[in-house]
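K.L.:
After the structure tokens below, expect a handful of questions from me.
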Amino acid sequence: MTTPVTIIGAGLGGLTLARVLHLHGIPATVYEGDASEEARTQGGQLDIHESTGQAALAAAGLTEEFRAIIHEGAEATRILDGDGTLLFEEIDEGTGGRPEALRGDLRRLLLDSLPDGTVRWGHKLTTVTSLAGGRHELRFSDGSTVTAELLVGADGAWSKVRPLLSAASPAYAGMAFVETYLYDVEERHAATAAAVGAGVMYSLVPGKGITAHREAGGVIHTYVELARPEEWFAQIDFSDATTSSARIAAEFEGWAPELRALITDGQTPPVARLIHALPHDHSWERVPGVTLIGDAAHLMPPSGEGANLAMLDGAELALALAANPENIETALEGFEKAMFARSQAEAVGARMIQDLCLGARAPYQFIEFLGGHGMDWVPTWGQAVSDYRGEGDEPDFDDVTVRMTLPASFGGSHARAQLSNRFADGPVRIGRAAIGVGDRIVPATFSGRSSVEIPAGMAMWTDPVELPVRHGDDVIVDVYLPEPTPYATAAGFRYDRSLPGEHTGAVPFPLEGSAPEAIDDSREFPAPNTTDEPEVELDGTGWSLPAGGPFLRTIEVAGAEPRAVLVAFGGSSTAMGWPQYAADLLPADARIAIVNRGISGNRVRLDAPPQTPSWGLAGLTRFDDDVLGTYGATHLVIAYNSNDWGLPGRVTSIDEMPTLEQLIAGYQELIDRAEEAGMTVILATITPLAPELRVDANREALRQGLNEWIRTSGHECADFDAAIRSASDPIRLQPEYAAPDDTHPNINGSKRLAQTMIEALDRLHV
């Protein structure tokens, strides 16, 4: 290929492109706005990944040179809490795949590998004009112009080349990094140096954190991370180092002195770097004669991948051009297609890293991600919370302790609980919490604090507690609610209220003693916290009403590895207990966790009607939270009832009645999304309709049609319909399996469904 390549930007991506082009005899010129190589510092240390940055350096023929600039030992990782307690540590034994090197050293390596004159310094691009034949005229700030035959924008976040291809512009990502430096740390900052260790140190809580890198020559380079609005940073005068440092340090009041010193003792003025990102699915239609690489193409929040992807982009583009010397457009089209797929996946991952570091589960979810010993979490119990505001099922809480007793489907050495305030008009104050098994109930904290306020719409995990849990154990979760608190975010049917006061961990638990409310005949199932007479339940003919309760969404255990994590996703028959009974049927050594994400009244296609918000968001809407949000999920059971076609004309408008094709399409979308996430899908057939619906031939035809599709779809089928329908009248439930409403399974029916599910798992050899 003889067409010269014009590259805008002498960052790592642009220089890698120029180097690999040079190796393949393709002429290239790099235009850079900086006056010289030394015009500004190049930032801190980078971890260079095997499959991206190191692969690019191999294509550039610079692997040995790279090994000479590696900062040995810098892959060590430490995670501390705010008081300096060590939560996680990983030593650099020299076997990792992400060695660290200074960005400036890496840039110098690439510059030295290029022929003299390849980089034209002092050329700041101001405008680009499209010409005929895919050429472009470039105008620089000094007034000079150049015509590019093939133009590559490697000019970063605020690329001047990007508008030729895309109207997208970076948006504020909700966070900023404030950079500081300490020097001669062993002599001048010994306590801080010890806290940081040999590599990188993280100290993180929801919404803020400190990340510090040990660099060569006794340097610690710190990034103070704050999830704050842009306006918050705009009010700080960063030209005043003393005032701005004090303002940032105030956000970490009460943290260990050796950690706050990374801010207060900084030996350079703090620099605020607001984080911006392009849309995670950023792409463009092919435009002749121009393309983008690196941040110009796929700017994303910091995740350790940005520089690596830029270098790989440069190498891959050069190799594509070298492989298609006679057809540049074919080369660009193939390169862009591969880059879009790669960068979009990494952009999603970058947002995940942002949440791991600063989200509601920080720092423990980040420890999970890093693979800390004993911190590989497995859900042992779960429910799908929904919105009970205004339904009047339960009185509000005020100076009361709630005790929930939940069956563990999987065992471990540590436990933690997730409390959700997803559906609320304001924050919820948790005064105390505790987790236990049997008579051993231990206090649970939140980032080291005994009480916490969970903002509206958010969820929060307790800190891990050392608590041996076995398959089949009853796990106790106590939550003290000291202030007036509405019954809003909830699920399940059975839990206990205490007498007034804080009674977390109390044995025996001082029950409130009020009688359960009568069953509301207007509902399709009993109200929460309502049970039949005990003697009726004992023979299995009463309501199947599993344990659950307010605010609690998931219990996880750590310290053991599962063979499978099964999510049960569906309506009332799922919510009312077969997943619990299925877990009971499994032997302890099966190592299968089962999580119930069923919601009574739930539909696949449409959200709950306004008068009954507790019936939940549509399955298609809540799928990401309730299925993909279940950590480690490997199998999905789609086990819905007939609500999609049973509610229209009775509770909602008849206009909401679906066609069979729409129902199948809804199921198929759930299947596709699960399989894209690598999950195995099991479909359950729909059991007989309510008595008042059986007389409607059209509704029964929908049930029969969907069941036929489920049985013949090619997926494993748990035939719930065949398991509990009447042998003599197959549009009714078998009486011994029917709850008092002759619609839902009773306890015996739920156990029969559980056995049917176990048989399906056996067929799959789970």
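So you can find residues: chains in the structure tokens are A, B, ... in the order shown, residues in each start at 1, and ligands are numbered from 1 in order.
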Within segment 525-682 of chain A, find each residue whose DSSP state, derived from the backbone, is alpha helix (DSSP H), and express the selection as JSON, numbers by chain.

P.N.:
{"A": [534, 535, 536, 537, 538, 572, 573, 574, 575, 578, 579, 580, 581, 582, 583, 584, 585, 619, 620, 621, 622, 623, 643, 644, 645, 646, 660, 661, 662, 663, 664, 665, 666, 667, 668, 669, 670, 671, 672, 673, 674, 675, 676]}

K.L.:
Excluding same-chain residues fewer than 4 positions from segment 550-564 of chain A, what lies within 7 Å of it counting only C-alpha atoms, as a PyMOL selection string?

P.N.:
chain A and resi 374-385+411-421+487+489-491+591-593+634

K.L.:
Would you kindly return, as a list in words, each protein, DNA or RNA residue with an atom no farther than 8 Å from any atom of segment 577-586 of chain A, considering only C-alpha atoms and excluding same-chain residues fewer than 5 positions away?

P.N.:
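Once the adjacent positions are removed, what remains is Pro407, Ser409, Gly472, Ser544, Leu545, Pro546, Ala568, Ile592, Ala593, Ile594, Val595, Asn596, Ser750, Lys751, Leu753, Ala754, Gln755, Met757 and Ile758 of chain A.
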
K.L.:
What are the DSSP strand (DSSP E) residues of segment 473-706 of chain A, as a ChimeraX atom specification?

P.N.:
/A:474-481,489-491,496-497,549-550,552-558,564-570,592-598,635-639,680-684

K.L.:
Any idea what the distance is between atom CA of Val637 of chain A and atom CA of Ser614 of chain A?

P.N.:
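Interatomic distance, atom CA of Val637 of chain A to atom CA of Ser614 of chain A: 21.4 Å.
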